[in-house]
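Enquirer: A single structure is presented below for examination.
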Amino acid sequence: MILYAADLELAKKAAKGDESAFEEIVRQNQGFIYNLCLSRTGSREDALDVSQETFIKAYRSISGYRGDSKLSSWLYRICSNCVTDFLRRRKEQTVPIDPDPEGEGGIDLADSDPSSLPEEAAERDYLRDAVRQAVSSLPSDMREILILREYKGMSYSEIAELCGLEEGTVKSRLNRARQKLKDFLKERNISP
């Protein structure tokens, strides 16, 4: 059953060699894919490499997309497999997240206001670093769901579909992730 006709049409164009159609797919999903790679690899360079590998594999298999899920969900599965393969090759299980403070598609946890006082800027930077540290401390399954919900704004059902989980599992992991963040910050006497 075709549920996502617009995504399917774009994929069909790309499969027929329409470069602009595939460029559009990349443009729409590159930030999401990069952030996923970054959250799992912990390194900008590795995230860029795995993102590129994801889009190469997607390009080679775009004709296999059937439109029964969002194109972003289909790309998520490819990306997740690429990251798993990458980590297996590197023989690492979990690594910390390193959000991209330069705005190259990474997660920015606080708006910067150049007109703010130095004390306010220092406090904001301290809080941002503490939240990054707290997010990094989460197990990868919780961290991924937290990022998808809080930073990407995805619904519970979208996350469940994307991760191949039940919606209740997503809610449970998100709740536990939030509690762990709260505990992490409380232990350090930090209140956001």
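Chains: A, B, ... in order of the structure tokens. Residues: from 1 per chain. Ligands: from 1, in order shown.
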Where does DSSP see alpha helix (DSSP H) in chain A, if you list the residues as a ChimeraX atom specification?
Expert: /A:5-15,19-41,44-61,71-90,118-137,140-146,156-163,167-187
Enquirer: Since we have the selection now, will you write its residues out, keeping C-alpha atoms, as a CSV table (one decimal), in the first residue's frame?
Expert:
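Output (selection-v9.csv):
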chain,number,residue,atom,x,y,z
A,5,ALA,CA,3.1,9.1,-2.8
A,6,ALA,CA,5.2,12.3,-2.9
A,7,ASP,CA,8.2,10.5,-1.5
A,8,LEU,CA,7.6,7.6,-3.9
A,9,GLU,CA,7.4,10.0,-6.9
A,10,LEU,CA,10.7,11.7,-5.9
A,11,ALA,CA,12.4,8.3,-5.4
A,12,LYS,CA,11.1,7.1,-8.8
A,13,LYS,CA,12.6,10.2,-10.5
A,14,ALA,CA,15.9,9.7,-8.7
A,15,ALA,CA,15.9,6.0,-9.7
A,19,GLU,CA,20.0,14.1,-10.3
A,20,SER,CA,18.0,17.0,-9.0
A,21,ALA,CA,15.5,14.6,-7.5
A,22,PHE,CA,18.2,12.8,-5.5
A,23,GLU,CA,19.8,16.1,-4.5
A,24,GLU,CA,16.4,17.1,-3.1
A,25,ILE,CA,16.2,13.8,-1.1
A,26,VAL,CA,19.7,14.6,0.3
A,27,ARG,CA,18.8,18.2,1.0
A,28,GLN,CA,15.7,17.3,2.9
A,29,ASN,CA,17.4,14.6,5.0
A,30,GLN,CA,21.1,15.5,5.3
A,31,GLY,CA,20.7,17.2,8.7
A,32,PHE,CA,18.7,14.4,10.2
A,33,ILE,CA,21.1,11.7,8.9
A,34,TYR,CA,24.1,13.6,10.0
A,35,ASN,CA,22.7,14.1,13.5
A,36,LEU,CA,21.9,10.5,13.8
A,37,CYS,CA,25.4,9.5,12.7
A,38,LEU,CA,26.9,12.1,15.0
A,39,SER,CA,24.8,10.9,18.0
A,40,ARG,CA,26.0,7.3,17.4
A,41,THR,CA,29.7,7.8,16.4
A,44,ARG,CA,32.1,14.9,13.2
A,45,GLU,CA,34.5,13.3,10.8
A,46,ASP,CA,33.0,9.8,11.3
A,47,ALA,CA,29.5,11.2,11.1
A,48,LEU,CA,30.3,12.8,7.8
A,49,ASP,CA,31.8,9.6,6.5
A,50,VAL,CA,28.9,7.5,7.6
A,51,SER,CA,26.4,10.0,6.3
A,52,GLN,CA,28.0,9.9,2.9
A,53,GLU,CA,28.0,6.1,3.0
A,54,THR,CA,24.3,6.2,3.8
A,55,PHE,CA,23.5,8.4,0.8
A,56,ILE,CA,25.6,6.3,-1.5
A,57,LYS,CA,23.8,3.2,-0.4
A,58,ALA,CA,20.5,5.0,-0.7
A,59,TYR,CA,21.3,6.1,-4.2
A,60,ARG,CA,22.2,2.6,-5.2
A,61,SER,CA,19.0,1.1,-3.9
A,71,LEU,CA,11.4,8.3,2.8
A,72,SER,CA,13.1,9.5,5.9
A,73,SER,CA,12.2,6.2,7.7
A,74,TRP,CA,13.7,4.3,4.8
A,75,LEU,CA,16.9,6.4,5.0
A,76,TYR,CA,17.0,6.0,8.8
A,77,ARG,CA,17.1,2.2,8.4
A,78,ILE,CA,19.9,2.4,5.9
A,79,CYS,CA,21.8,4.9,8.1
A,80,SER,CA,21.3,2.8,11.2
A,81,ASN,CA,22.8,-0.2,9.4
A,82,CYS,CA,25.7,1.9,8.1
A,83,VAL,CA,26.4,3.2,11.7
A,84,THR,CA,26.2,-0.3,13.1
A,85,ASP,CA,28.6,-1.6,10.5
A,86,PHE,CA,30.9,1.3,11.1
A,87,LEU,CA,30.9,0.8,14.9
A,88,ARG,CA,31.4,-3.0,14.5
A,89,ARG,CA,34.4,-2.3,12.2
A,90,ARG,CA,35.7,0.1,14.9
A,118,PRO,CA,29.5,38.1,29.6
A,119,GLU,CA,28.2,36.6,32.8
A,120,GLU,CA,25.0,35.5,31.0
A,121,ALA,CA,27.0,34.1,28.1
A,122,ALA,CA,29.3,32.2,30.4
A,123,GLU,CA,26.3,30.8,32.3
A,124,ARG,CA,24.5,29.8,29.1
A,125,ASP,CA,27.7,28.1,27.8
A,126,TYR,CA,28.1,26.3,31.1
A,127,LEU,CA,24.5,25.1,31.0
A,128,ARG,CA,24.8,24.0,27.3
A,129,ASP,CA,28.0,22.0,28.1
A,130,ALA,CA,26.3,20.4,31.1
A,131,VAL,CA,23.3,19.4,29.0
A,132,ARG,CA,25.6,18.0,26.3
A,133,GLN,CA,27.5,16.0,29.0
A,134,ALA,CA,24.2,14.7,30.4
A,135,VAL,CA,22.9,13.7,26.9
A,136,SER,CA,26.3,12.0,26.3
A,137,SER,CA,25.9,10.0,29.4
A,140,SER,CA,22.5,5.0,23.0
A,141,ASP,CA,18.9,3.8,22.7
A,142,MET,CA,17.7,6.5,25.1
A,143,ARG,CA,19.9,9.2,23.6
A,144,GLU,CA,18.7,8.5,20.1
A,145,ILE,CA,15.0,8.7,21.1
A,146,LEU,CA,15.6,11.8,23.1
A,156,TYR,CA,6.0,9.3,19.3
A,157,SER,CA,4.5,7.4,16.4
A,158,GLU,CA,7.1,8.7,14.0
A,159,ILE,CA,9.9,7.7,16.3
A,160,ALA,CA,8.3,4.2,16.8
A,161,GLU,CA,8.1,3.7,13.1
A,162,LEU,CA,11.6,5.0,12.5
A,163,CYS,CA,13.2,2.8,15.2
A,167,GLU,CA,5.0,3.5,20.8
A,168,GLY,CA,4.9,2.6,24.5
A,169,THR,CA,8.5,1.6,24.3
A,170,VAL,CA,9.4,5.0,22.9
A,171,LYS,CA,7.5,6.8,25.6
A,172,SER,CA,9.1,4.6,28.3
A,173,ARG,CA,12.6,5.2,27.0
A,174,LEU,CA,12.0,8.9,26.6
A,175,ASN,CA,10.7,9.1,30.1
A,176,ARG,CA,13.7,7.3,31.5
A,177,ALA,CA,16.1,9.4,29.4
A,178,ARG,CA,14.5,12.6,30.8
A,179,GLN,CA,14.7,11.3,34.3
A,180,LYS,CA,18.4,10.4,33.9
A,181,LEU,CA,19.1,13.9,32.5
A,182,LYS,CA,17.3,15.4,35.4
A,183,ASP,CA,19.3,13.3,37.9
A,184,PHE,CA,22.6,14.0,36.1
A,185,LEU,CA,22.0,17.8,36.3
A,186,LYS,CA,20.7,17.6,39.9
A,187,GLU,CA,23.8,15.7,41.1
Enquirer: Kindly give the distance, in Å, that separates CA of Tyr4 (chain A) and CA of Arg66 (chain A), rounded to a single decimal.
Expert: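 These two atoms are separated by 8.8 Å.
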Enquirer: Go ahead and compute the interatomic distance for CA of Lys70 (chain A) and CA of Gly17 (chain A), in Å to one decimal.
Expert: 20.8 Å
Enquirer: Work out how far CA of Lys152 (chain A) is from CA of Ser191 (chain A), in Å to one decimal.
Expert: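 Straight-line distance from CA of Ser191 (chain A) to CA of Lys152 (chain A) works out to 23.0 Å.
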